[in-house]
Each structure stands twice: as C-alpha cells, then as structure tokens.
$ cat input.txt   # compact mmCIF, C-alpha atoms
# COMPACT_ATOMS: atom_id res chain seq x y z
CA MET P 68 89.99 54.37 29.47
CA GLN P 69 88.87 52.31 26.58
CA LYS P 70 85.17 52.04 25.81
CA ARG P 71 83.71 48.59 25.56
CA ARG P 72 82.22 47.94 22.19
CA ASN P 73 78.95 46.14 21.91
CA PRO P 74 79.41 42.79 20.29
CA VAL P 75 78.11 42.58 16.76
CA PRO P 76 75.31 40.03 16.59
CA GLU P 77 76.19 37.08 14.53
CA PRO P 78 73.95 36.36 11.52
CA GLU P 79 71.32 33.67 12.01
CA THR P 80 72.37 30.34 10.78
CA ILE P 81 69.94 27.73 9.52
CA THR P 82 70.64 24.28 10.74
CA SER P 83 68.92 21.07 10.05
CA ALA P 84 67.21 21.34 13.42
CA THR P 85 65.69 24.72 12.61
CA PRO P 86 62.54 24.45 10.45
CA PRO P 87 62.08 27.00 7.70
CA LYS P 88 59.58 29.71 8.25
CA PRO P 89 56.25 28.93 6.56
CA LEU P 90 55.16 30.98 3.62
CA PRO P 91 52.03 33.04 4.07
CA ALA P 92 48.92 31.12 3.00
CA ARG P 93 47.22 32.18 -0.18
CA ALA P 94 43.58 33.13 -0.05
CA ALA P 95 41.32 30.34 -1.33
CA ALA P 96 39.67 31.02 -4.64
CA PRO P 97 35.90 31.53 -4.35
CA ALA P 98 33.85 28.45 -5.27
CA PRO P 99 31.96 28.77 -8.55
CA PRO P 100 28.23 29.38 -8.08
CA GLN P 101 26.14 26.21 -8.23
CA ARG P 102 23.74 25.96 -11.10
CA GLN P 103 20.18 25.20 -10.11
CA SER P 104 18.79 22.14 -11.83
CA THR P 105 15.68 22.70 -13.90
CA ARG P 106 15.03 18.97 -14.18
CA GLU P 107 11.73 17.64 -12.88
CA PRO P 108 11.77 14.98 -10.11
CA TYR P 109 11.06 12.00 -12.37
CA GLY P 110 12.25 13.18 -15.71
CA CYS P 111 11.20 15.95 -17.99
CA SER P 112 8.10 15.93 -20.09
CA GLY P 113 5.40 13.29 -20.05
CA PRO P 114 6.60 11.38 -23.14
CA ILE P 115 10.17 11.25 -21.82
CA ARG P 116 8.93 9.95 -18.48
CA VAL P 117 6.79 7.29 -20.16
CA HIS P 118 9.75 6.26 -22.30
CA ARG P 119 11.97 5.89 -19.22
CA LEU P 120 9.36 3.90 -17.28
CA LEU P 121 8.75 1.54 -20.19
CA ARG P 122 12.49 1.05 -20.68
CA GLU P 123 12.83 -0.04 -17.04
CA ALA P 124 9.56 -2.04 -16.90
CA SER P 125 9.10 -5.78 -17.19
CA ASP P 126 7.93 -7.45 -20.38
CA GLU P 127 4.53 -8.04 -18.78
CA SER P 128 4.11 -4.37 -17.93
CA ARG P 129 5.17 -3.29 -21.42
CA SER P 130 2.67 -5.70 -22.99
CA PHE P 131 -0.10 -4.36 -20.77
CA PHE P 132 0.76 -0.78 -21.65
CA GLU P 133 0.74 -1.53 -25.37
CA ALA P 134 -2.64 -3.29 -25.05
CA LEU P 135 -3.97 -0.34 -23.04
CA MET P 136 -2.94 2.15 -25.70
CA GLU P 137 -4.44 -0.01 -28.43
CA GLU P 138 -7.76 -0.49 -26.60
CA TRP P 139 -7.94 3.20 -25.70
CA ASP P 140 -7.25 4.20 -29.30
CA LYS P 141 -9.95 2.04 -30.85
CA GLY P 142 -12.50 1.81 -28.04
CA PRO P 143 -15.39 4.06 -26.99
CA TYR P 144 -14.15 4.52 -23.42
CA ASN P 145 -11.84 7.06 -21.85
CA LEU P 146 -8.46 6.10 -20.44
CA THR P 147 -9.75 5.44 -16.90
CA GLU P 148 -12.56 3.15 -18.07
CA THR P 149 -10.28 1.35 -20.52
CA ALA P 150 -7.66 0.77 -17.81
CA PHE P 151 -10.32 -0.58 -15.43
CA ILE P 152 -11.74 -3.03 -17.97
CA LEU P 153 -8.33 -4.20 -19.16
CA SER P 154 -6.99 -4.54 -15.60
CA ALA P 155 -9.98 -6.64 -14.51
CA ARG P 156 -9.57 -8.85 -17.56
CA THR P 157 -5.82 -9.24 -17.03
CA LEU P 158 -6.23 -10.09 -13.32
CA GLY P 159 -8.76 -12.80 -14.11
CA HIS P 160 -11.94 -10.94 -13.12
CA LYS P 161 -13.51 -11.53 -16.49
CA HIS P 162 -17.09 -11.03 -15.35
CA ILE P 163 -16.29 -7.63 -13.83
CA ALA P 164 -14.60 -6.70 -17.11
CA ALA P 165 -17.61 -7.90 -19.08
CA GLU P 166 -20.00 -6.00 -16.82
CA ALA P 167 -17.96 -2.82 -17.15
CA ASP P 168 -17.86 -3.30 -20.90
CA ALA P 169 -21.63 -3.93 -21.03
CA GLY P 170 -22.64 -0.69 -19.41
CA LYS P 171 -21.61 -0.87 -15.75
CA GLU P 172 -25.18 -1.51 -14.59
CA ASN P 173 -24.23 -3.92 -11.80
CA LEU P 174 -20.88 -2.44 -10.82
CA LYS P 175 -22.45 -0.58 -7.91
CA HIS P 176 -23.73 -3.89 -6.52
CA ILE P 177 -20.28 -5.44 -6.92
CA ASP P 178 -18.78 -2.46 -5.11
CA THR P 179 -21.36 -2.84 -2.31
CA ALA P 180 -20.46 -6.52 -1.96
CA ALA P 181 -16.79 -5.56 -1.66
CA GLN P 182 -17.69 -3.04 1.04
CA ILE P 183 -19.60 -5.74 2.96
CA PHE P 184 -16.62 -8.09 2.82
CA LEU P 185 -14.25 -5.36 4.03
CA GLU P 186 -16.52 -4.47 6.95
CA GLY P 187 -16.64 -8.13 8.00
CA LYS P 188 -20.17 -8.22 9.37
CA TRP P 189 -22.28 -11.38 9.63
CA ILE P 190 -23.74 -10.90 6.18
CA ALA P 191 -20.24 -11.09 4.72
CA GLY P 192 -19.88 -14.71 5.86
CA PHE P 193 -23.34 -15.53 4.56
CA LEU P 194 -22.54 -14.09 1.13
CA ARG P 195 -19.23 -15.97 1.04
CA ASN P 196 -21.06 -19.25 1.65
CA LEU P 197 -23.58 -18.37 -1.05
CA PHE P 198 -20.79 -17.70 -3.53
CA ARG P 199 -18.91 -20.87 -2.54
CA ALA P 200 -22.05 -22.92 -3.07
CA TYR P 201 -22.57 -21.32 -6.46
CA ARG P 202 -18.99 -21.79 -7.61
CA GLY P 203 -18.92 -25.38 -6.38
CA ASN P 204 -22.24 -26.23 -8.06
CA ILE P 205 -23.64 -27.20 -4.66
CA ALA P 206 -26.71 -25.14 -5.41
CA THR P 207 -28.10 -23.63 -8.59
CA PHE P 208 -30.09 -20.89 -6.86
CA SER P 209 -32.87 -21.30 -9.39
CA ASN P 210 -35.34 -20.78 -6.54
CA PRO P 211 -35.27 -19.48 -2.94
CA ASP P 212 -34.90 -23.00 -1.50
CA ASP P 213 -31.18 -23.05 -2.23
CA THR P 214 -30.72 -19.74 -0.45
CA LEU P 215 -32.72 -21.05 2.52
CA PHE P 216 -30.48 -24.13 2.58
CA VAL P 217 -27.37 -21.98 2.89
CA LEU P 218 -29.08 -19.76 5.44
CA GLN P 219 -30.06 -22.79 7.54
CA SER P 220 -26.44 -23.92 7.50
CA GLU P 221 -25.42 -20.49 8.77
CA ILE P 222 -28.01 -20.67 11.56
CA ASP P 223 -26.80 -24.14 12.58
CA ASP P 224 -23.20 -22.97 12.69
CA PHE P 225 -24.21 -19.96 14.79
CA ASP P 226 -26.14 -22.14 17.25
CA ASN P 227 -23.16 -24.50 17.56
CA ALA P 228 -20.76 -21.62 18.20
CA LEU P 229 -23.16 -20.22 20.81
CA GLU P 230 -23.36 -23.57 22.55
CA VAL P 231 -19.56 -23.88 22.61
CA ALA P 232 -19.28 -20.38 24.07
CA GLN P 233 -21.82 -21.16 26.78
CA ASN P 234 -20.00 -24.35 27.73
CA LEU P 235 -16.69 -22.50 27.88
CA LEU P 236 -18.23 -19.81 30.09
CA GLU P 237 -19.55 -22.41 32.50
CA ASP P 238 -16.44 -24.60 32.56
CA SER P 239 -13.66 -21.99 32.38
CA PRO P 240 -14.91 -18.51 33.36
CA GLU P 241 -11.36 -17.32 34.10
CA VAL P 242 -10.34 -18.06 30.50
CA VAL P 243 -13.29 -16.05 29.18
CA ALA P 244 -12.48 -13.17 31.52
CA ALA P 245 -8.86 -13.09 30.33
CA GLU P 246 -9.98 -13.16 26.69
CA LEU P 247 -12.44 -10.30 27.30
CA GLN P 248 -9.76 -8.22 28.99
CA GLU P 249 -7.40 -8.77 26.08
CA LEU P 250 -10.16 -7.91 23.61
CA ALA P 251 -10.98 -4.74 25.55
CA LYS P 252 -7.37 -3.60 25.14
CA LYS P 253 -7.34 -4.28 21.39
CA ARG P 254 -10.90 -3.18 20.57
CA PRO P 255 -12.21 -0.76 23.21
CA ASP P 256 -14.86 0.41 20.75
CA LEU P 257 -16.69 -2.91 21.17
CA PHE P 258 -17.31 -2.07 24.82
CA ASN P 259 -18.54 1.46 24.12
CA PRO P 260 -22.36 1.54 24.45
CA ALA P 261 -22.76 4.18 21.77
CA THR P 262 -20.58 2.25 19.30
CA SER P 263 -22.28 -1.05 20.07
CA ALA P 264 -25.73 0.48 19.54
CA ALA P 265 -24.68 1.98 16.21
CA ALA P 266 -23.28 -1.38 15.06

$ encode --input "input.txt" --output "structure tokens"
Amino acid sequence: MQKRRNPVPEPETITSATPPKPLPARAAAPAPPQRQSTREPYGCSGPIRVHRLLREASDESRSFFEALMEEWDKGPYNLTETAFILSARTLGHKHIAAEADAGKENLKHIDTAAQIFLEGKWIAGFLRNLFRAYRGNIATFSNPDDTLFVLQSEIDDFDNALEVAQNLLEDSPEVVAAELQELAKKRPDLFNPATSAAA
C-alpha cells in the first residue's frame, strides 16, 4: 500500500490585491531640550527699553520726553517733580505748574478742591459756581459781597428744587415711590441710618 504524501505548500505569491507588509516603525528621535529665555518681559536693560518705547512713540510723546530730560538736567527738582510741573504745563494747567514751580505752597488746597469735586457734595457745586463766576468775570471777588451773591443764587436754586420736589410728591406720589425704590436698589447706603448720619 502506497503512503500518501503530504502536499508541499506552494510559496506565497504577491498579487496586486495583497498589500505589502509594513516595515517596523523607527523610534522617534528625542526632541532637543528647549532653551529658557533670559529676556525680560519688556526688553532688557532700562536704556534698551527706553530706546524701544521712544522708537514706537508718537512725535508728541518723543518731544515731551526730550523736554522732560532737558528740564530735569538743568532744573533744581527731581524727576517726579519735574514730570509733574511739565505735565501740568503741557496739559494747559499753567497755574498749577506755576504754583508747583513756586514752592508748592497751595498745592494741598488744590488737591483738597479736587477731592471735594470727586466726592460730589453740596460744596462742590458751590465752588464750581464760584469758579465759573470768576472765569467769566461775573464777579471780581474783591470783597465778600461777590461770594454772598453766588451763595444767594445757590440758596435760591435749592429752594426752587425743594418746591418742585414738594409739588411732585403731592401730585404724583407713585412716581416718587418708584424713584425711591429704584434709588434704594442702586444706592442702599443712602437708606442706612449709620451712613446717612456720617454723611
């Protein structure tokens, strides 16, 4: 009896339908270490930063800086005082600049006036009317009578406003109530007894 021989496997054939086996992927090369920048946020040293800012500045800013350096170099004041005087002069506040240049004796009063205007109390409106009368040559303020004239105008305006408010309260109380409710939402401190007493 003849033994059956196992068939010899045929060699693999590559056809167009059989994709080639992929080559093994190469390991990625390690990324080079990043160098830490030693540069400062806005440039390097002070002179380099000043040079960059001046290069990018407007002609007006460059002129102001040159005038500031010149005044600081020849004047008796430090940089802060020189910048204050020159800024006031450049912005048109010539009397503040002159006062600062003359010894700063009244600057504290000017600063107090600015504080009054920012706080917005009654005296702020009174001072504004005084200054308007002075600038407009309505009053010379050579004596107290001119001040009393402005003060009387303030009192008349206050009385008129009070009369209008009283008439509105009598004629349209619902409007006043709505306005007070809206004001209470925006400014609750006005309805706080402790705050009102301090004011």

$ atom_distance --input "input.txt" --atom1 "CA of Val243 (chain P)" --atom2 "CA of Ala228 (chain P)"
14.4 Å

$ axis_aligned_box --input "input.txt" --around "region 214-220 of chain P" --padding-each-side "6 Å" --output "JSON"
{"center_x": -29.6, "center_y": -21.9, "center_z": 3.5, "size_x": 18.3, "size_y": 16.4, "size_z": 20.0}

$ atom_distance --input "input.txt" --atom1 "CA of Phe208 (chain P)" --atom2 "CA of Ile222 (chain P)"
18.5 Å

$ closest_residue --input "input.txt" --among "P:Pro211, P:Phe132, P:His162, P:Asn227" --to "Ala150 (chain P)" --atoms "all atoms listed in the file"
P:Phe132

$ atom_distance --input "input.txt" --atom1 "CA of Lys141 (chain P)" --atom2 "CA of Ala165 (chain P)"
17.2 Å

$ closest_residue --input "input.txt" --among "P:Ser154, P:Thr147, P:Asn210, P:Ser239" --to "Phe131 (chain P)" --atoms "all atoms listed in the file"
P:Ser154

$ closest_residue --input "input.txt" --among "P:Glu221, P:His160, P:Thr214, P:Ala232" --to "Ala191 (chain P)" --atoms "all atoms listed in the file"
P:Glu221

$ residues_around --input "input.txt" --residues "region 192-203 of chain P" --least-positions-apart "4" --cutoff "10 Å" --atoms "only C-alpha atoms" --output "JSON, numbers by chain"
{"P": [180, 183, 184, 187, 188, 207, 208, 213, 214, 216, 217, 218, 220, 221, 222]}

$ residues_around --input "input.txt" --residues "Ala155 (chain P)" --least-positions-apart "3" --cutoff "12 Å" --atoms "all atoms listed in the file" --output "count of residues only"
17

$ build_atoms --input "input.txt" --residues "region 154-169 of chain P" --atoms "N, CA and C atoms" --output "compact mmCIF listing (two decimals), in the frame of the given file"
# COMPACT_ATOMS: atom_id res chain seq x y z
N SER P 154 -7.59 -4.03 -16.83
CA SER P 154 -6.99 -4.54 -15.60
C SER P 154 -7.80 -5.70 -15.04
N ALA P 155 -9.13 -5.56 -15.01
CA ALA P 155 -9.98 -6.64 -14.51
C ALA P 155 -9.82 -7.89 -15.36
N ARG P 156 -9.74 -7.70 -16.66
CA ARG P 156 -9.57 -8.85 -17.56
C ARG P 156 -8.22 -9.51 -17.35
N THR P 157 -7.16 -8.70 -17.20
CA THR P 157 -5.82 -9.24 -17.03
C THR P 157 -5.68 -9.97 -15.70
N LEU P 158 -6.32 -9.48 -14.65
CA LEU P 158 -6.23 -10.09 -13.32
C LEU P 158 -7.14 -11.29 -13.15
N GLY P 159 -7.91 -11.62 -14.18
CA GLY P 159 -8.76 -12.80 -14.11
C GLY P 159 -10.19 -12.53 -13.69
N HIS P 160 -10.56 -11.27 -13.48
CA HIS P 160 -11.94 -10.94 -13.12
C HIS P 160 -12.73 -10.66 -14.40
N LYS P 161 -12.93 -11.71 -15.16
CA LYS P 161 -13.51 -11.53 -16.49
C LYS P 161 -14.95 -11.06 -16.44
N HIS P 162 -15.70 -11.45 -15.41
CA HIS P 162 -17.09 -11.03 -15.35
C HIS P 162 -17.21 -9.55 -14.97
N ILE P 163 -16.30 -9.07 -14.13
CA ILE P 163 -16.29 -7.63 -13.83
C ILE P 163 -15.94 -6.85 -15.09
N ALA P 164 -14.97 -7.36 -15.86
CA ALA P 164 -14.60 -6.70 -17.11
C ALA P 164 -15.76 -6.70 -18.08
N ALA P 165 -16.47 -7.83 -18.17
CA ALA P 165 -17.61 -7.90 -19.08
C ALA P 165 -18.73 -6.97 -18.64
N GLU P 166 -18.96 -6.89 -17.33
CA GLU P 166 -20.00 -6.00 -16.82
C GLU P 166 -19.66 -4.54 -17.08
N ALA P 167 -18.38 -4.19 -16.88
CA ALA P 167 -17.96 -2.82 -17.15
C ALA P 167 -18.09 -2.51 -18.63
N ASP P 168 -17.78 -3.50 -19.46
CA ASP P 168 -17.86 -3.30 -20.90
C ASP P 168 -19.30 -3.25 -21.37
N ALA P 169 -20.22 -3.86 -20.60
CA ALA P 169 -21.63 -3.93 -21.03
C ALA P 169 -22.45 -2.73 -20.59
